[in-house]
$ cat target.txt   # compact mmCIF, C-alpha atoms
# COMPACT_ATOMS: atom_id res chain seq x y z
CA MET Z 20 159.82 143.22 185.59
CA PRO Z 21 157.41 141.38 187.90
CA THR Z 22 154.17 139.91 186.58
CA ALA Z 23 151.56 142.66 186.21
CA ILE Z 24 148.56 142.55 188.54
CA ALA Z 25 145.50 144.34 187.12
CA VAL Z 26 142.12 145.21 188.61
CA THR Z 27 138.93 146.64 187.14
CA SER Z 28 138.54 149.72 189.34
CA GLY Z 29 140.90 152.27 190.85
CA ASP Z 30 139.36 151.89 194.31
CA LEU Z 31 140.56 148.27 194.37
CA VAL Z 32 144.17 149.50 194.50
CA LEU Z 33 145.18 149.73 198.15
CA PRO Z 34 148.30 151.63 199.23
CA PRO Z 35 151.41 149.42 199.01
CA SER Z 36 152.46 147.56 202.14
CA ASP Z 37 156.09 148.61 201.64
CA ARG Z 38 158.31 150.26 199.06
CA HIS Z 39 158.88 146.91 197.31
CA THR Z 40 155.19 146.32 196.53
CA PRO Z 41 154.51 147.10 192.82
CA ARG Z 42 151.52 149.15 191.77
CA ALA Z 43 148.48 147.59 190.12
CA ALA Z 44 147.24 148.38 186.63
CA VAL Z 45 143.66 149.67 186.46
CA LEU Z 46 141.62 148.51 183.44
CA GLN Z 47 138.80 150.71 182.21
CA PRO Z 48 135.21 149.56 181.50
CA PRO Z 49 133.81 149.57 177.95
CA ALA Z 50 131.72 152.65 178.72
CA THR Z 51 134.84 154.79 179.16
CA GLN Z 52 137.37 153.11 176.87
CA GLY Z 53 137.10 151.81 173.32
CA LEU Z 54 138.17 148.33 172.28
CA GLU Z 55 141.28 149.51 170.43
CA ALA Z 56 142.50 151.44 173.48
CA SER Z 57 141.86 148.40 175.72
CA ILE Z 58 143.86 146.18 173.38
CA THR Z 59 146.72 148.68 173.33
CA GLU Z 60 146.72 148.99 177.12
CA ILE Z 61 146.96 145.26 177.81
CA HIS Z 62 149.42 144.73 174.95
CA THR Z 63 151.66 147.36 176.57
CA LEU Z 64 151.43 145.55 179.90
CA LEU Z 65 152.44 142.31 178.21
CA GLU Z 66 155.41 143.98 176.55
CA GLN Z 67 156.55 145.49 179.84
CA HIS Z 68 155.85 142.59 182.22
CA GLY Z 69 155.60 139.44 180.12
CA TYR Z 70 152.45 138.21 181.88
CA VAL Z 71 149.27 139.90 183.14
CA ILE Z 72 146.97 138.63 185.90
CA VAL Z 73 143.56 140.33 185.94
CA LEU Z 74 141.51 140.04 189.12
CA HIS Z 75 137.84 140.87 188.76
CA SER Z 76 134.70 140.29 190.75
CA SER Z 77 132.53 137.32 189.82
CA ALA Z 78 129.75 139.94 189.86
CA LEU Z 79 131.46 142.18 187.28
CA PRO Z 80 128.92 143.41 184.69
CA GLY Z 81 128.68 141.22 181.60
CA PRO Z 82 129.91 143.84 179.08
CA PHE Z 83 133.13 144.34 181.05
CA VAL Z 84 133.73 140.58 181.30
CA ARG Z 85 133.15 140.18 177.57
CA ARG Z 86 135.54 143.04 176.86
CA LEU Z 87 138.31 141.30 178.84
CA HIS Z 88 137.79 138.04 176.97
CA THR Z 89 137.63 139.86 173.63
CA VAL Z 90 140.96 141.58 174.27
CA ARG Z 91 142.61 138.29 175.19
CA SER Z 92 141.17 136.65 172.10
CA VAL Z 93 142.30 139.47 169.77
CA LEU Z 94 145.81 139.41 171.23
CA GLU Z 95 145.82 135.59 170.92
CA SER Z 96 147.87 135.50 174.10
CA ASP Z 97 148.12 132.72 176.65
CA ARG Z 98 149.98 135.14 178.92
CA ILE Z 99 146.79 136.84 180.19
CA ALA Z 100 145.03 135.30 183.20
CA LEU Z 101 141.42 136.37 183.81
CA LEU Z 102 140.49 135.40 187.35
CA PRO Z 103 136.88 135.89 188.57
CA ILE Z 104 136.98 136.22 192.36
CA ASP Z 105 133.99 135.40 194.56
CA LEU Z 106 134.81 137.96 197.27
CA PRO Z 107 133.25 141.29 198.22
CA PRO Z 108 135.00 144.35 196.70
CA LEU Z 109 137.19 145.11 199.72
CA GLY Z 110 138.27 141.46 199.85
CA ILE Z 111 139.30 141.64 196.19
CA ALA Z 112 141.33 144.77 196.93
CA VAL Z 113 143.14 142.95 199.74
CA LEU Z 114 143.79 139.91 197.55
CA ALA Z 115 145.15 142.14 194.78
CA ARG Z 116 147.59 143.73 197.21
CA GLN Z 117 148.76 140.33 198.42
CA LEU Z 118 149.43 139.24 194.83
CA ARG Z 119 151.25 142.52 194.23
CA GLN Z 120 153.45 141.72 197.22
CA LEU Z 121 154.16 138.20 195.97
CA SER Z 122 154.82 139.37 192.40
CA ALA Z 123 158.08 140.86 193.67
CA CYS Z 124 159.18 137.40 194.87
CA ASP Z 125 160.57 134.51 192.82
CA PHE Z 126 157.23 132.87 191.96
CA SER Z 127 156.54 132.05 188.33
CA PRO Z 128 153.47 133.66 186.69
CA GLY Z 129 151.57 130.37 186.74
CA VAL Z 130 152.10 129.83 190.46
CA LEU Z 131 151.22 133.46 191.18
CA ALA Z 132 147.93 133.20 189.26
CA SER Z 133 146.83 129.96 190.90
CA ALA Z 134 147.85 131.36 194.32
CA ALA Z 135 144.88 133.75 194.12
CA ARG Z 136 142.50 130.89 194.84
CA LEU Z 137 144.60 129.68 197.78
CA LEU Z 138 144.97 133.10 199.39
CA SER Z 139 141.26 133.88 199.09
CA HIS Z 140 140.63 131.12 201.67
CA TYR Z 141 142.53 133.19 204.23
CA ILE Z 142 140.66 136.47 203.73
CA TYR Z 143 137.84 137.11 206.20
CA ALA Z 144 135.64 139.54 204.28
CA GLY Z 145 132.32 140.88 205.46
CA ALA Z 146 130.27 143.92 206.41
CA LEU Z 147 128.16 145.49 209.11
CA LEU Z 148 124.62 146.07 207.80
CA THR Z 149 121.38 147.52 209.12
CA SER Z 150 119.31 145.02 207.14
CA VAL Z 151 119.76 141.71 205.33
CA THR Z 152 116.36 141.70 203.61
CA ARG Z 153 117.81 142.35 200.14
CA LEU Z 154 121.10 140.52 200.59
CA ASP Z 155 121.32 137.64 198.12
CA ARG Z 156 125.08 136.96 197.86
CA VAL Z 157 125.42 135.49 201.36
CA PRO Z 158 122.91 133.02 202.82
CA VAL Z 159 121.17 134.30 205.96
CA THR Z 160 118.45 132.73 208.09
CA LEU Z 161 114.76 133.56 207.97
CA ALA Z 162 115.07 134.74 211.57
CA SER Z 163 117.68 137.30 210.50
CA HIS Z 164 115.37 138.50 207.74
CA ALA Z 165 112.58 138.94 210.27
CA LYS Z 166 114.83 140.80 212.72
CA SER Z 167 115.81 143.21 209.94
CA TRP Z 168 112.43 144.88 210.36
CA LEU Z 169 113.19 145.85 213.96
CA PRO Z 170 114.30 149.50 214.30
CA GLY Z 171 117.97 149.94 215.11
CA SER Z 172 119.00 146.41 214.14
CA GLN Z 173 122.53 145.79 212.96
CA PHE Z 174 123.96 142.60 211.50
CA ALA Z 175 127.52 141.44 210.95
CA VAL Z 176 127.75 139.27 207.85
CA LEU Z 177 130.80 137.31 206.74
CA ALA Z 178 130.98 136.31 203.08
CA SER Z 179 134.34 134.52 203.12
CA PRO Z 180 135.85 132.07 203.83
CA ARG Z 181 132.63 130.60 205.31
CA PRO Z 182 129.30 132.45 205.29
CA GLN Z 183 128.22 133.63 208.74
CA SER Z 184 125.82 136.18 210.14
CA ALA Z 185 125.13 137.51 213.61
CA LYS Z 186 122.84 140.16 215.05
CA VAL Z 187 125.22 142.51 216.88
CA SER Z 188 122.71 145.01 218.25
CA GLY Z 189 120.44 144.63 221.25
CA ALA Z 190 120.88 143.09 224.68
CA ASP Z 191 122.63 139.89 223.57
CA PRO Z 192 124.90 140.78 220.64
CA GLY Z 193 126.58 138.02 218.70
CA ILE Z 194 130.04 137.91 217.16
CA LEU Z 195 131.48 136.34 214.04
CA GLU Z 196 133.96 133.46 214.22
CA GLY Z 197 137.26 134.90 213.11
CA PRO Z 198 140.68 133.76 211.93
CA SER Z 199 142.95 131.64 214.10
CA PHE Z 200 146.06 133.34 212.71
CA GLY Z 201 147.44 136.85 212.80
CA THR Z 202 145.70 139.36 210.53
CA GLN Z 203 145.41 143.05 209.84
CA LEU Z 204 141.88 144.48 209.69
CA LEU Z 205 140.94 146.86 206.89
CA VAL Z 206 137.76 148.91 207.39
CA ALA Z 207 135.81 150.95 204.81
CA LYS Z 208 132.81 152.98 205.96
CA GLY Z 209 129.79 153.68 203.82
CA ARG Z 210 126.72 155.63 204.96
CA LEU Z 211 126.59 153.76 208.26
CA GLU Z 212 128.32 155.51 211.15
CA SER Z 213 129.57 152.83 213.51
CA ALA Z 214 132.77 152.05 215.39
CA TRP Z 215 131.79 148.38 215.84
CA ALA Z 216 134.51 147.06 213.54
CA SER Z 217 137.30 148.81 215.44
CA THR Z 218 135.95 148.57 218.99
CA VAL Z 219 134.33 145.11 218.95
CA LEU Z 220 135.39 143.04 215.94
CA GLY Z 221 139.07 143.97 215.98
CA PRO Z 222 139.64 143.04 219.64
CA ALA Z 223 137.51 139.86 219.30
CA TRP Z 224 139.64 138.74 216.36
CA ARG Z 225 142.88 139.90 218.02
CA VAL Z 226 143.99 141.71 214.90
CA GLN Z 227 147.56 142.95 214.69
CA GLY Z 228 146.56 146.32 213.31
CA LEU Z 229 143.64 148.26 211.85
CA LEU Z 230 143.59 150.53 208.81
CA GLU Z 231 140.75 152.57 207.33
CA THR Z 232 140.26 153.07 203.61
CA ALA Z 233 137.63 154.40 201.21
CA LEU Z 234 134.64 152.20 200.44
CA PRO Z 235 134.86 150.69 196.92
CA ALA Z 236 132.22 152.01 194.56
CA ASP Z 237 130.79 148.53 193.89
CA SER Z 238 130.34 147.65 197.57
CA ALA Z 239 126.84 149.12 197.82
CA ASP Z 240 125.62 146.92 194.95
CA TRP Z 241 127.41 143.84 196.27
CA TRP Z 242 125.87 144.19 199.74
CA ALA Z 243 122.52 145.54 198.42
CA THR Z 244 122.75 148.68 200.56
CA SER Z 245 124.94 151.74 201.00
CA ARG Z 246 124.44 151.72 204.78
CA ILE Z 247 127.41 149.49 205.49
CA VAL Z 248 130.81 149.28 207.08
CA GLU Z 249 132.81 146.81 205.01
CA PHE Z 250 135.77 144.99 206.54
CA ALA Z 251 138.41 142.46 205.55
CA ALA Z 252 140.96 140.72 207.77
CA ALA Z 253 143.95 139.24 205.99
CA ILE Z 254 147.57 138.23 206.44
CA PRO Z 255 149.77 141.32 205.98
CA ASP Z 256 153.18 139.67 206.39
CA ILE Z 257 154.89 138.88 203.08
CA ALA Z 258 156.99 136.16 204.75
CA VAL Z 259 153.86 134.28 205.86
CA LEU Z 260 152.22 134.68 202.43
CA TYR Z 261 155.39 133.40 200.78
CA GLN Z 262 155.45 130.37 203.08
CA LEU Z 263 151.81 129.56 202.33
CA VAL Z 264 152.30 129.58 198.57
CA SER Z 265 155.67 127.85 198.56
CA SER Z 266 154.32 125.05 200.81
CA VAL Z 267 151.96 123.80 198.09
CA ARG Z 268 153.33 121.25 195.63
CA ARG Z 269 153.96 122.66 192.18
CA GLU Z 270 152.81 120.92 189.03
CA GLN Z 271 153.06 121.62 185.33
CA CYS Z 272 149.96 122.48 183.33
CA ARG Z 273 149.48 119.78 180.71
CA TRP Z 274 147.93 122.27 178.30
CA CYS Z 275 150.03 125.45 178.38
CA GLY Z 276 153.09 124.17 180.25
CA LEU Z 277 153.09 126.80 183.01
CA GLU Z 278 153.70 125.93 186.65
CA LEU Z 279 150.63 125.79 188.86
CA ILE Z 280 149.53 124.95 192.38
CA GLY Z 281 146.23 123.27 193.09
CA ASP Z 282 143.99 121.66 190.52
CA ARG Z 283 143.53 124.33 187.85
CA CYS Z 284 145.78 126.57 185.76
CA GLY Z 285 145.15 130.27 186.28
CA PHE Z 286 146.05 131.17 182.70
CA CYS Z 287 144.38 128.57 180.48
CA SER Z 288 141.86 127.28 183.10
CA SER Z 289 142.81 123.71 182.26
CA PRO Z 290 142.12 121.33 185.17
CA PHE Z 291 144.94 119.27 186.58
CA ALA Z 292 143.83 115.66 186.92
CA ASP Z 293 146.14 114.58 189.75
CA PRO Z 294 143.90 114.01 192.84
CA HIS Z 295 146.86 114.78 195.11
CA ALA Z 296 147.16 118.31 193.69
CA GLN Z 297 144.00 119.64 195.35
CA LEU Z 298 144.42 123.13 196.79
CA GLU Z 299 143.87 122.79 200.52
CA ARG Z 300 143.70 125.24 203.37
CA LEU Z 301 147.07 124.94 205.09
CA PRO Z 302 147.69 125.84 208.73
CA VAL Z 303 149.36 129.21 209.19
CA GLN Z 304 152.43 129.03 211.39

$ encode --input "target.txt" --output "structure tokens"
Amino acid sequence: MPTAIAVTSGDLVLPPSDRHTPRAAVLQPPATQGLEASITEIHTLLEQHGYVIVLHSSALPGPFVRRLHTVRSVLESDRIALLPIDLPPLGIAVLARQLRQLSACDFSPGVLASAARLLSHYIYAGALLTSVTRLDRVPVTLASHAKSWLPGSQFAVLASPRPQSAKVSGADPGILEGPSFGTQLLVAKGRLESAWASTVLGPAWRVQGLLETALPADSADWWATSRIVEFAAAIPDIAVLYQLVSSVRREQCRWCGLELIGDRCGFCSSPFADPHAQLERLPVQ
């Protein structure tokens, strides 16, 4: 069985790209599931898959984070990777699907876990907003804050891989700098009715396709407003993803012995001291 990929909310599970893409496990928060049930659930995943990689937002509430660490501690297992991801919710959903795709390939669990950090550099995740006055997760200029008070203003904000913002309403609309490689654009609409992502952003970024999905429940909190259209452009082709990961030199973790790419083990979080093992952004062919 392939390594299990788990997420912390059902709306982070996107439809599979093809019939070979495994499903993701959905872990429940402490408010809806007791500790014993959580332990049983992850223990079952370990028995079925051998290893479990849990992707969760770096903004996940503290009680949920503590629950995950408690379960790993109780099980005394070094086969559970807990990976906090600094992406908006839709970006995490895209990353989870990419790891699900790669889990069906011949990558070891250690390489698969450390690949999450590499692949996140290639996900262009952002949102269309009517105001940036309460946004604190992405740096925006004072001028943008001031323009937020103008009626009818709309802003495109990119959180990853490099923070950007542009006022896209008015007589001289801006545009975000996009990827230089082929991507598919995923769009999730909140309470903001706008076709900007499909009619302006998609063509500007020359996306290879556009899909709509439901807005993740945590997106409103992440972006500090429910009046949003969240979007994420990412590589959909499994062959390109495979090439990216396989192009990085593999090392062996000196603590737990698993394979890794980059400078840190995804399972035990031990840093790899070799300066030549830094995880770099590679050109996409």

$ closest_residue --input "target.txt" --among "Z:Cys287, Z:Leu114, Z:Cys272, Z:Val248" --to "Ala214 in chain Z" --atoms "all atoms listed in the file"
Z:Val248

$ residues_around --input "target.txt" --residues "Leu234 in chain Z" --least-positions-apart "2" --cutoff "7 Å" --atoms "only C-alpha atoms" --output "list in words"
Ala207, Lys208, Gly209, Thr232, Ala236 and Ser238 of chain Z

$ residues_near_point --input "target.txt" --point "(138.3, 141.0, 201.3)" --cutoff "12 Å" --atoms "all atoms listed in the file" --output "PyMOL selection string"
chain Z and resi 31+33+76+104-117+138-146+177-180+202-207+234-235+238+249-254

$ closest_residue --input "target.txt" --among "Z:Met20, Z:Ala134, Z:Val90, Z:Val226" --to "Glu278 in chain Z" --atoms "only C-alpha atoms"
Z:Ala134

$ closest_residue --input "target.txt" --among "Z:Pro182, Z:Pro290, Z:Pro255, Z:Gly189" --to "Gln271 in chain Z" --atoms "all atoms listed in the file"
Z:Pro290

$ closest_residue --input "target.txt" --among "Z:Leu154, Z:Gly276, Z:Ser265, Z:Val219" --to "Ser245 in chain Z" --atoms "all atoms listed in the file"
Z:Leu154

$ closest_residue --input "target.txt" --among "Z:His68, Z:Arg210, Z:Lys186, Z:Arg273" --to "Ile247 in chain Z" --atoms "all atoms listed in the file"
Z:Arg210

$ residues_around --input "target.txt" --residues "Gly193 in chain Z" --least-positions-apart "6" --cutoff "10 Å" --atoms "all atoms listed in the file" --output "short mmCIF file (atom, residue, chain, number, x, y, z; two decimals) with C-alpha atoms, in the frame of the given file"
data_model
loop_
_atom_site.label_atom_id
_atom_site.label_comp_id
_atom_site.auth_asym_id
_atom_site.auth_seq_id
_atom_site.Cartn_x
_atom_site.Cartn_y
_atom_site.Cartn_z
CA PHE Z 174 123.96 142.60 211.50
CA ALA Z 175 127.52 141.44 210.95
CA SER Z 184 125.82 136.18 210.14
CA ALA Z 185 125.13 137.51 213.61
CA LYS Z 186 122.84 140.16 215.05
CA VAL Z 187 125.22 142.51 216.88
#

$ closest_residue --input "target.txt" --among "Z:Asp37, Z:Asp282, Z:Glu95, Z:Glu196" --to "Arg225 in chain Z" --atoms "all atoms listed in the file"
Z:Glu196

$ atom_distance --input "target.txt" --atom1 "CA of Trp224 in chain Z" --atom2 "CA of Gly197 in chain Z"
5.6 Å

$ residues_near_point --input "target.txt" --point "(151.4, 120.7, 196.5)" --cutoff "7 Å" --atoms "only C-alpha atoms" --output "list in words"
Ser266, Val267, Arg268, Arg269, Ile280, Gly281 and Ala296 of chain Z

$ atom_distance --input "target.txt" --atom1 "CA of Trp215 in chain Z" --atom2 "CA of Ala78 in chain Z"
27.4 Å
